[in-house]
Structures are given as structure tokens and as C-alpha cells.
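Asks: Got a structure for you, questions after.
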Amino acid sequence: MTSLDQARELLSEFPVVDGHNDLPWALREQVHYDLAARDIAVRQDAHLHTDLPRLREGGVGAQYWSVYVRSDLPDPVPATLEQIDCVRQLIDRHPRELRAALTAADMEAARTEGRIASLMGAEGGHSLANSLGVLRGLHALGVRYLTLTHNDNVDWADSATDEPRAGGLTAFGREVVREMNRLGMLVDLSHVAPTTMRDALDTSTAPVIFSHSSARAVCEHPRNIPDDVLERLPANGGVAMVTFVPKFVLQAAVDWTAAADDNLRAHGFHHLDGTAEAMKVHQAFEERHPRPVATVATVADHLDHMREVAGVDHLGIGGDYDGTAFTPEGLADVSGYPNLLAELLDRGWSRADLAKLTWQNAVRVLGAAEDVSRALRETSAPSNATIEALDG
């Protein structure tokens with residue numbers, strides 16, 4: 001039996017829990033939630049990384065659907081509710097394939113039924129509009145993790161890709177973490193600055209996650225996790241879910257992206273400018289300097305390092321599909337997970353190691369957050385603290 005055959009056999013018993021998929025935002029951007037126009041019951045290779053046939057082919061058993069909205073929206077809360085509604089519509093539209101999941105027990109029930117457990121994670125604390133009441137509302141609607149920031153700072157937490165302002169978490173930011181612990185909502189530290197990671201680990205009494213981040217020691221990108229933070233995961237009980245985005249996992253891609261951005265700025269464009277004129281400049285740069293290509297082995301290098309630092313009990317997978325324009329060779333879409341497992345088998349990872357990576361760690365961490373929540377709810381009332389009162 002080949003390594004790929006062994007990987008597929010393992011996934012039939014211990015399917016992938018993927019920590020982050022941006023399909024809802026892609027559906028908003030492409031067809032404004034017209035789910036018939038992007039029917040994921042059939043392959044959508046030309047438009048999406050994700051559809052039901054390829055989720056099955058990839059051995060996915062549970063998916064955290066990101067209910068992300070842009071941080072520059074003037075009113076992010078209604079847009080976040082629309083994203084939640086999109087996930088609910090997807091589940092209602094495909095009941096034989098998808099099962100709504102709120103708990104670790106729901107995830108196990110979906111696995112038994114042969115359906116894909118569908119959970120939700122909100123990507124960015126801007127979705128709260130600085131309100132703990134909104135946080136509780138999102139939890140009541142089924143959101144089971146909150147990424148504390150996206151690419152920009154929020155008023156109470158620093159992002160990895162913005163200029164430091166809070167120095168980590170403010171007093172209100174720590175209150176957000178405590179209220180998440182009380183609710184049983186996972187604290188997601190992808191996208192946040194290392195100072196925010198450390199403050200959150202100091203504050204949280206429940207395991208944290210990184211829904212889609214890789215190792216900074218392997219690839220020097222601010223979105224990745226420093227070793228000193230990975231070293232703290234065993235004591236916390238949390239899980240770091242490796243991501244596949246080439247510019248987060250391949251140093252040559254990091255350097256290439258920086259050079260491409262500098263080239264745009266040298267021509268008078270913002271590095272995120274998507275106009276035809278800016279794209280013409282960018283395409284000319286890419287013709288002169290071909291884009292570096294990540295591979296399955298690139299991602300496996302991160303997992304090898306993360307296992308060495310944090311231990312195999314604290315690893316997972318968060319591909320970031322439909323949230324990135326580029327993917328590694330062998331991991332082009334959600335059908336590619338068996339290729340990663342085959343690579344890890346060839347590197348000496350055991351079947352027990354891979355079962356933890358794909359399924360067991362992610363289910364355990366949500367169950368542990370639920371245990372903490374039950375204990376806290378017996379002694380703690382909902383917090384009605386405001387950012388004005390705590391941060392001035």
C-alpha cells in the first residue's frame with residue numbers, strides 16, 4: 001500500500017478538521033450569496049477551492065467556516081450576520097452532506113453519520129464593534145471561535161500586520177478573552193501580534209487555537225507563530241493549525257511579495273491596489289521575476305518544526321482555502337489533504353500522530369473549552385463591561 005493509500009485509509013476513520021475556510025466570503029464576493037449560481041454540490045474548480053465533491057475527496061470531516069468581514073467596513077456587525085446566514089443556508093441546502101455543529105459531541109456525531117461537521121469562526125475582533133453583548137450574540141448564533149484581530153489593529157488588541165498601539169491586549173481586550181472563556185468560545189490567535197498572543201495566553205483559562213498560522217522559525221513572516229509561543233501550548237492545552245498560504249510558509253515567497261509590493265509603491269501605487277493600471281505594473285514584475293512556488297514538503301517542514309517545539313498533541317490544520325489567491329503544489333484545493341498526510345508518513349509520522357493532527361486535537365480543544373465554560377458559568381455572570389470604562 002502506498003503512502004497515499006495509507007493516508008486516504010486513515011482519513012476514512014480520522015478525517016480532517018480544518019480550522020479556517022473563507023468560502024462564505026468568496027460566495028459574497030462572487031455571487032452575493034446566490035448559492036444556486038455557485039452550487040457546491042458540483043465541482044467549482046474554475047471559481048472556488050471548495051465544494052462538496054472535493055471536500056469528500058480530501059477527507060474533510062469537520063470545517064470551521066470563517067464568517068469574516070473586512071475590517072474597513074463602516075458597520076461590520078450586519079455583514080457578519082450575513083456571513084452567518086450564508087453558512088446556515090449552505091447547511092440547509094445540503095443536509096445530507098453538512099451537519100451544523102456547536103460542540104465536540106456534535107463533531108463526533110457528524111463523523112458517525114458520515115456528514116461534514118460545520119462550525120463557524122469569526123475572523124477579527126472588529127466584528128464585535130467593541131461590545132460584549134455582540135460577542136454573546138455571535139456565540140448564540142453558533143460562532144465557536146473569534147480571531148482577536150484580522151490584518152488591522154482593533155481598539156483593544158494589536159494585529160501582527162499593523163503598527164503596535166495597545167502593546168498586546170488592553171484591559172478591555174483581556175475582558176473579551178475572559179468572556180470568551182465563560183461562553184466556551186475558542187480564543188483564536190492567528191493574525192495577532194506576538195504581544196497579543198502572550199497576553200491572551202496569560203489571561204485565558206481555556207485552551208487557545210491558531211486557526212491558520214505556521215512557524216515563524218521556518219518562515220519569517222509576522223503572521224506566523226514564534227517558538228516561545230509554541231512552547232507555551234502544552235501548558236495551555238491549545239492547538240496550532242498550520243496554514244498553506246505560500247507567502248506564510250515559503251521564505252522565498254515572503255521575500256518575493258515584499259519586492260513586488262515595493263515595485264508597486266515605486267510606481268506610485270498602493271501595494272493592495274487592484275486597478276488595471278496597478279495590475280499591469282505587477283504583471284510586468286512577475287514576468288521578470290517568476291513567483292516562487294511552495295509545495296506539500298514546504299508545509300510539512302512547518303509541521304515537523306511545530307511538532308518538535310509544541311508536541312504532536314498541539315497541532316492541527318487550517319488551510320485558508322478560498323481566502324488566498326495562491327496555493328502550494330499538491331495542495332491546490334480542499335482535495336489535497338491526503339497528499340500532506342502521505343508526505344508526513346514518508347517522514348516517519350505514525351498513524352497515531354496523524355489521527356491527532358487531523359481529528360483528535362481539534363475535537364479535544366473544543367471540548368476542553370466547553371468544560372471551562374461550564375465551570376465558569378457556575379460562578380461568573382455575563383460581563384457588561386465597556387471599553388470606555390476599562391480603557392478610558
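Ligands are numbered from 1 in the order shown, residues from 1 within each chain, and chains are lettered A, B, ... in the order they appear in the C-alpha cells.
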Where in region 173-243 of chain A does DSSP assign strand (DSSP E or B), given as a ChimeraX atom specification?
Replies: /A:186-188,192,208-210,215,225,239-242
Asks: Give me the residues within 12 Å of Leu201 (chain A) as a PyMOL selection string, counting only C-alpha atoms and dropping any in the same chain fewer than 2 places off.
Replies: chain A and resi 168-169+174+177-178+181+187-189+194-199+203-210+228-238
Asks: Counting only C-alpha atoms, what is within 10 Å of Asp273 (chain A), bar same-chain residues fewer than 4 positions away, as a list in words?
Replies: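 Within the cut-off, the hits are Asp261, Leu264, Arg265, Phe269, Glu277, Ala278, Met279 and His282 of chain A.
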Asks: Would you list the contacts of region 7-23 of chain A as an MDAnalysis selection string, taking every protein, DNA or RNA residue within 6 Å and counting only C-alpha atoms, but skipping same-chain residues closer than 2 positions in sequence?
Replies: chainID A and resid 4:5 25:26 59:66 211 317:318 320:323 338 341:342 355 358:359
Asks: Go ahead and save the residues from that selection, with N, CA, C and O atoms, as an mmCIF file, in the first residue's frame.
Replies:
```
data_model
loop_
_atom_site.group_PDB
_atom_site.id
_atom_site.type_symbol
_atom_site.label_atom_id
_atom_site.label_comp_id
_atom_site.auth_asym_id
_atom_site.auth_seq_id
_atom_site.Cartn_x
_atom_site.Cartn_y
_atom_site.Cartn_z
ATOM 1 N N LEU A 4 0.100 7.298 -0.063
ATOM 2 C CA LEU A 4 -1.149 7.993 -0.371
ATOM 3 C C LEU A 4 -2.354 7.121 -0.047
ATOM 4 O O LEU A 4 -3.362 7.608 0.494
ATOM 5 N N ASP A 5 -2.255 5.832 -0.336
ATOM 6 C CA ASP A 5 -3.341 4.917 0.019
ATOM 7 C C ASP A 5 -3.520 4.858 1.532
ATOM 8 O O ASP A 5 -4.651 4.836 2.044
ATOM 9 N N TRP A 25 -17.145 34.183 2.384
ATOM 10 C CA TRP A 25 -16.763 35.476 1.816
ATOM 11 C C TRP A 25 -16.612 35.377 0.297
ATOM 12 O O TRP A 25 -17.018 36.292 -0.433
ATOM 13 N N ALA A 26 -16.059 34.262 -0.191
ATOM 14 C CA ALA A 26 -15.952 34.079 -1.638
ATOM 15 C C ALA A 26 -17.333 34.080 -2.284
ATOM 16 O O ALA A 26 -17.529 34.651 -3.365
ATOM 17 N N GLY A 59 -11.033 14.144 2.292
ATOM 18 C CA GLY A 59 -11.172 13.530 3.600
ATOM 19 C C GLY A 59 -11.475 14.510 4.709
ATOM 20 O O GLY A 59 -11.037 14.337 5.857
ATOM 21 N N VAL A 60 -12.249 15.542 4.410
ATOM 22 C CA VAL A 60 -12.608 16.544 5.423
ATOM 23 C C VAL A 60 -13.847 16.074 6.181
ATOM 24 O O VAL A 60 -14.868 15.741 5.577
ATOM 25 N N GLY A 61 -13.751 16.043 7.502
ATOM 26 C CA GLY A 61 -14.869 15.622 8.334
ATOM 27 C C GLY A 61 -15.475 16.724 9.165
ATOM 28 O O GLY A 61 -16.574 16.572 9.704
ATOM 29 N N ALA A 62 -14.762 17.836 9.277
ATOM 30 C CA ALA A 62 -15.283 18.997 10.017
ATOM 31 C C ALA A 62 -14.617 20.240 9.468
ATOM 32 O O ALA A 62 -13.407 20.233 9.172
ATOM 33 N N GLN A 63 -15.400 21.294 9.317
ATOM 34 C CA GLN A 63 -14.878 22.535 8.770
ATOM 35 C C GLN A 63 -15.351 23.718 9.609
ATOM 36 O O GLN A 63 -16.536 23.859 9.864
ATOM 37 N N TYR A 64 -14.394 24.529 10.059
ATOM 38 C CA TYR A 64 -14.740 25.836 10.598
ATOM 39 C C TYR A 64 -14.869 26.795 9.419
ATOM 40 O O TYR A 64 -13.876 27.138 8.771
ATOM 41 N N TRP A 65 -16.101 27.197 9.123
ATOM 42 C CA TRP A 65 -16.336 28.187 8.078
ATOM 43 C C TRP A 65 -16.085 29.565 8.667
ATOM 44 O O TRP A 65 -16.661 29.931 9.689
ATOM 45 N N SER A 66 -15.215 30.341 8.033
ATOM 46 C CA SER A 66 -14.938 31.691 8.507
ATOM 47 C C SER A 66 -16.101 32.605 8.158
ATOM 48 O O SER A 66 -16.545 32.649 7.001
ATOM 49 N N SER A 211 -6.026 29.304 14.235
ATOM 50 C CA SER A 211 -6.857 28.619 13.240
ATOM 51 C C SER A 211 -6.169 28.461 11.894
ATOM 52 O O SER A 211 -6.526 27.571 11.124
ATOM 53 N N ILE A 317 -4.698 21.566 11.397
ATOM 54 C CA ILE A 317 -4.618 22.029 10.009
ATOM 55 C C ILE A 317 -5.646 23.127 9.783
ATOM 56 O O ILE A 317 -6.816 22.976 10.158
ATOM 57 N N GLY A 318 -5.217 24.231 9.152
ATOM 58 C CA GLY A 318 -6.127 25.317 8.785
ATOM 59 C C GLY A 318 -5.712 25.906 7.450
ATOM 60 O O GLY A 318 -4.941 26.852 7.379
ATOM 61 N N ASP A 320 -6.899 27.746 4.978
ATOM 62 C CA ASP A 320 -7.221 29.083 4.469
ATOM 63 C C ASP A 320 -7.668 29.050 3.010
ATOM 64 O O ASP A 320 -7.442 29.994 2.249
ATOM 65 N N TYR A 321 -8.322 27.971 2.606
ATOM 66 C CA TYR A 321 -8.831 27.894 1.241
ATOM 67 C C TYR A 321 -9.918 28.935 0.995
ATOM 68 O O TYR A 321 -10.668 29.299 1.896
ATOM 69 N N ASP A 322 -9.961 29.405 -0.234
ATOM 70 C CA ASP A 322 -10.846 30.481 -0.689
ATOM 71 C C ASP A 322 -10.593 31.789 0.029
ATOM 72 O O ASP A 322 -11.382 32.732 -0.095
ATOM 73 N N GLY A 323 -9.471 31.858 0.754
ATOM 74 C CA GLY A 323 -9.038 33.108 1.350
ATOM 75 C C GLY A 323 -7.666 33.518 0.850
ATOM 76 O O GLY A 323 -7.082 34.467 1.348
ATOM 77 N N PRO A 338 -4.877 14.493 1.575
ATOM 78 C CA PRO A 338 -4.166 13.211 1.573
ATOM 79 C C PRO A 338 -2.708 13.335 1.137
ATOM 80 O O PRO A 338 -1.849 12.574 1.614
ATOM 81 N N LEU A 341 -0.692 14.276 4.214
ATOM 82 C CA LEU A 341 -0.528 13.147 5.125
ATOM 83 C C LEU A 341 0.444 12.115 4.561
ATOM 84 O O LEU A 341 1.248 11.533 5.316
ATOM 85 N N ALA A 342 0.404 11.900 3.254
ATOM 86 C CA ALA A 342 1.351 10.962 2.639
ATOM 87 C C ALA A 342 2.791 11.452 2.828
ATOM 88 O O ALA A 342 3.698 10.656 3.123
ATOM 89 N N ALA A 355 -3.643 10.890 13.341
ATOM 90 C CA ALA A 355 -5.007 10.944 13.876
ATOM 91 C C ALA A 355 -5.174 12.146 14.794
ATOM 92 O O ALA A 355 -6.229 12.799 14.808
ATOM 93 N N THR A 358 -5.185 15.384 12.434
ATOM 94 C CA THR A 358 -6.360 15.605 11.590
ATOM 95 C C THR A 358 -7.633 15.816 12.393
ATOM 96 O O THR A 358 -8.424 16.713 12.085
ATOM 97 N N TRP A 359 -7.858 15.001 13.415
ATOM 98 C CA TRP A 359 -9.160 14.986 14.086
ATOM 99 C C TRP A 359 -9.089 15.220 15.588
ATOM 100 O O TRP A 359 -9.736 16.106 16.137
#
```
Asks: So, with only C-alpha atoms as the atoms that count, which of A:Asp72, A:Asp85, A:Asp391, A:Asp152 lies closest to Arg28 (chain A)?
Replies: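 Counting only C-alpha atoms, the residue closest to Arg28 (chain A) is A:Asp85.
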Asks: Quick one: residues within 8 Å of Leu102 (chain A), only C-alpha atoms, excluding same-chain residues fewer than 6 positions away - as a PDB file with N, CA, C and O atoms, in the first residue's frame?
Replies:
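New file part_28.pdb:
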```
ATOM      1  N   LEU A 119     -18.878  24.167  11.556  1.00  0.00           N
ATOM      2  CA  LEU A 119     -18.754  25.112  12.647  1.00  0.00           C
ATOM      3  C   LEU A 119     -18.441  26.481  12.063  1.00  0.00           C
ATOM      4  O   LEU A 119     -18.151  26.607  10.871  1.00  0.00           O
ATOM      5  N   GLY A 142     -24.058  30.594  17.001  1.00  0.00           N
ATOM      6  CA  GLY A 142     -23.282  29.413  16.621  1.00  0.00           C
ATOM      7  C   GLY A 142     -21.811  29.633  16.392  1.00  0.00           C
ATOM      8  O   GLY A 142     -21.092  28.673  16.069  1.00  0.00           O
ATOM      9  N   VAL A 143     -21.314  30.855  16.536  1.00  0.00           N
ATOM     10  CA  VAL A 143     -19.888  31.110  16.314  1.00  0.00           C
ATOM     11  C   VAL A 143     -19.087  30.514  17.472  1.00  0.00           C
ATOM     12  O   VAL A 143     -19.372  30.790  18.638  1.00  0.00           O
ATOM     13  N   ARG A 144     -18.085  29.708  17.138  1.00  0.00           N
ATOM     14  CA  ARG A 144     -17.352  28.986  18.171  1.00  0.00           C
ATOM     15  C   ARG A 144     -15.893  29.370  18.304  1.00  0.00           C
ATOM     16  O   ARG A 144     -15.179  28.840  19.141  1.00  0.00           O
TER      17      ARG A 144
END
```
Asks: Quick one: pull the distance between CA of Pro74 (chain A) and CA of Ala122 (chain A), Å, one decimal.
Replies: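 Separation between CA of Pro74 (chain A) and CA of Ala122 (chain A): 17.1 Å.
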Asks: Do a neighbour search on Ala300 (chain A) at 9 Å with only C-alpha atoms, toss out local chain neighbours closer than 2 positions, and write the hits as an MDAnalysis selection string.
Replies: chainID A and resid 295:298 302:305 340:341 343:344 347
Asks: So that I have them on file, write out the residues from the current selection with N, CA, C and O atoms, as a compact mmCIF listing (two decimals), in the first residue's frame.
Replies:
```txt
# COMPACT_ATOMS: atom_id res chain seq x y z
N THR A 295 5.32 23.94 -1.90
CA THR A 295 4.91 22.56 -2.16
C THR A 295 4.38 21.92 -0.88
O THR A 295 4.43 22.52 0.20
N VAL A 296 3.90 20.70 -1.03
CA VAL A 296 3.48 19.92 0.15
C VAL A 296 4.64 19.82 1.14
O VAL A 296 4.45 19.92 2.36
N ALA A 297 5.84 19.62 0.64
CA ALA A 297 7.00 19.49 1.52
C ALA A 297 7.25 20.76 2.32
O ALA A 297 7.68 20.71 3.47
N THR A 298 6.96 21.92 1.71
CA THR A 298 7.11 23.20 2.43
C THR A 298 6.24 23.22 3.67
O THR A 298 6.68 23.61 4.76
N HIS A 302 7.04 22.91 8.16
CA HIS A 302 6.47 23.65 9.29
C HIS A 302 5.94 22.69 10.35
O HIS A 302 6.17 22.88 11.55
N LEU A 303 5.22 21.68 9.92
CA LEU A 303 4.67 20.72 10.88
C LEU A 303 5.76 19.97 11.62
O LEU A 303 5.64 19.72 12.83
N ASP A 304 6.84 19.60 10.93
CA ASP A 304 7.96 18.95 11.62
C ASP A 304 8.51 19.85 12.72
O ASP A 304 8.77 19.39 13.84
N HIS A 305 8.69 21.12 12.41
CA HIS A 305 9.23 22.04 13.41
C HIS A 305 8.24 22.27 14.54
O HIS A 305 8.62 22.25 15.73
N LEU A 340 -0.66 15.77 1.84
CA LEU A 340 0.11 16.21 3.00
C LEU A 340 0.34 15.06 3.97
O LEU A 340 1.46 14.87 4.48
N LEU A 341 -0.69 14.28 4.21
CA LEU A 341 -0.53 13.15 5.12
C LEU A 341 0.44 12.12 4.56
O LEU A 341 1.25 11.53 5.32
N GLU A 343 3.01 12.75 2.67
CA GLU A 343 4.34 13.31 2.88
C GLU A 343 4.79 13.10 4.32
O GLU A 343 5.96 12.74 4.58
N LEU A 344 3.88 13.31 5.28
CA LEU A 344 4.24 13.12 6.69
C LEU A 344 4.51 11.65 7.01
O LEU A 344 5.42 11.33 7.79
N ARG A 347 7.87 10.83 6.14
CA ARG A 347 8.84 11.43 7.06
C ARG A 347 8.85 10.73 8.42
O ARG A 347 9.56 11.16 9.33
```
Asks: What does the distance from CA of Tyr68 (chain A) to CA of Thr324 (chain A) come to in Å, to one decimal?
Replies: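 Computing it gives 13.3 Å between the two atoms.
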Asks: Name the residues in contact with Asn361 (chain A) at a cut-off of 7 Å, using only C-alpha atoms, excluding same-chain residues fewer than 5 positions from it; report them as a list in words.
Replies: Val239, Asp313, His314, Leu315, Gly316 and Lys356 of chain A
Asks: Kindly export the residues of the current selection with all heavy atoms, as a PDB file, in the first residue's frame.
Replies:
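Resulting contents of again25.pdb:
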```pdb
ATOM      1  N   VAL A 239      -4.016  24.442  20.412  1.00  0.00           N
ATOM      2  CA  VAL A 239      -3.684  23.802  19.136  1.00  0.00           C
ATOM      3  C   VAL A 239      -3.300  24.869  18.122  1.00  0.00           C
ATOM      4  O   VAL A 239      -4.012  25.866  17.949  1.00  0.00           O
ATOM      5  CB  VAL A 239      -4.874  22.972  18.604  1.00  0.00           C
ATOM      6  CG1 VAL A 239      -4.627  22.499  17.184  1.00  0.00           C
ATOM      7  CG2 VAL A 239      -5.145  21.776  19.505  1.00  0.00           C
ATOM      8  N   ASP A 313       0.536  16.680  20.173  1.00  0.00           N
ATOM      9  CA  ASP A 313      -0.796  16.857  20.760  1.00  0.00           C
ATOM     10  C   ASP A 313      -1.343  18.271  20.567  1.00  0.00           C
ATOM     11  O   ASP A 313      -2.495  18.535  20.938  1.00  0.00           O
ATOM     12  CB  ASP A 313      -0.749  16.565  22.268  1.00  0.00           C
ATOM     13  CG  ASP A 313      -0.483  15.104  22.561  1.00  0.00           C
ATOM     14  OD1 ASP A 313      -0.966  14.251  21.806  1.00  0.00           O
ATOM     15  OD2 ASP A 313       0.234  14.826  23.540  1.00  0.00           O
ATOM     16  N   HIS A 314      -0.548  19.152  19.974  1.00  0.00           N
ATOM     17  CA  HIS A 314      -0.947  20.561  19.896  1.00  0.00           C
ATOM     18  C   HIS A 314      -0.892  21.102  18.465  1.00  0.00           C
ATOM     19  O   HIS A 314      -0.699  22.296  18.246  1.00  0.00           O
ATOM     20  CB  HIS A 314      -0.076  21.388  20.841  1.00  0.00           C
ATOM     21  CG  HIS A 314      -0.151  20.877  22.244  1.00  0.00           C
ATOM     22  ND1 HIS A 314      -1.243  21.118  23.063  1.00  0.00           N
ATOM     23  CD2 HIS A 314       0.672  20.056  22.937  1.00  0.00           C
ATOM     24  CE1 HIS A 314      -1.064  20.493  24.210  1.00  0.00           C
ATOM     25  NE2 HIS A 314       0.081  19.843  24.165  1.00  0.00           N
ATOM     26  N   LEU A 315      -1.126  20.210  17.507  1.00  0.00           N
ATOM     27  CA  LEU A 315      -1.078  20.584  16.098  1.00  0.00           C
ATOM     28  C   LEU A 315      -2.390  20.273  15.397  1.00  0.00           C
ATOM     29  O   LEU A 315      -3.114  19.341  15.763  1.00  0.00           O
ATOM     30  CB  LEU A 315       0.046  19.827  15.380  1.00  0.00           C
ATOM     31  CG  LEU A 315       1.459  19.992  15.941  1.00  0.00           C
ATOM     32  CD1 LEU A 315       2.450  19.232  15.066  1.00  0.00           C
ATOM     33  CD2 LEU A 315       1.842  21.457  16.044  1.00  0.00           C
ATOM     34  N   GLY A 316      -2.689  21.058  14.379  1.00  0.00           N
ATOM     35  CA  GLY A 316      -3.858  20.831  13.548  1.00  0.00           C
ATOM     36  C   GLY A 316      -3.622  21.427  12.174  1.00  0.00           C
ATOM     37  O   GLY A 316      -2.495  21.777  11.804  1.00  0.00           O
ATOM     38  N   LYS A 356      -4.132  12.463  15.565  1.00  0.00           N
ATOM     39  CA  LYS A 356      -4.178  13.663  16.410  1.00  0.00           C
ATOM     40  C   LYS A 356      -4.202  14.927  15.559  1.00  0.00           C
ATOM     41  O   LYS A 356      -4.981  15.852  15.825  1.00  0.00           O
ATOM     42  CB  LYS A 356      -2.975  13.676  17.355  1.00  0.00           C
ATOM     43  CG  LYS A 356      -3.007  12.592  18.424  1.00  0.00           C
ATOM     44  CD  LYS A 356      -1.760  12.615  19.284  1.00  0.00           C
ATOM     45  CE  LYS A 356      -1.816  11.541  20.359  1.00  0.00           C
ATOM     46  NZ  LYS A 356      -0.611  11.555  21.227  1.00  0.00           N
TER      47      LYS A 356
END
```
Asks: Could you check which of A:Thr170, A:Asp158, A:Leu357, A:Ala41 is closest to Arg307 (chain A), using only C-alpha atoms?
Replies: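 Of A:Thr170, A:Asp158, A:Leu357, A:Ala41, the one nearest Arg307 (chain A), counting only C-alpha atoms, is A:Leu357.
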Asks: As an exercise, work out the distance from CA of Met1 (chain A) to CA of Leu354 (chain A) in Å and give it to one decimal place.
Replies: 17.0 Å
Asks: If you run DSSP on this backbone, which residues of region 63-94 of chain A come out as alpha helix (DSSP H), and could you give them as a list of chain:residue names?
Replies: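 Here are the alpha helix (DSSP H) residues of region 63-94 of chain A: A:Pro76, A:Val77, A:Pro78, A:Ala79, A:Thr80, A:Leu81, A:Glu82, A:Gln83, A:Ile84, A:Asp85, A:Cys86, A:Val87, A:Arg88, A:Gln89, A:Leu90, A:Ile91, A:Asp92, A:Arg93.
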Asks: From the set A:Leu81, A:Ala157, A:Val87, A:Leu390, which residue has the shortest atom-to-atom contact distance to His126 (chain A), counting only C-alpha atoms?
Replies: A:Ala157
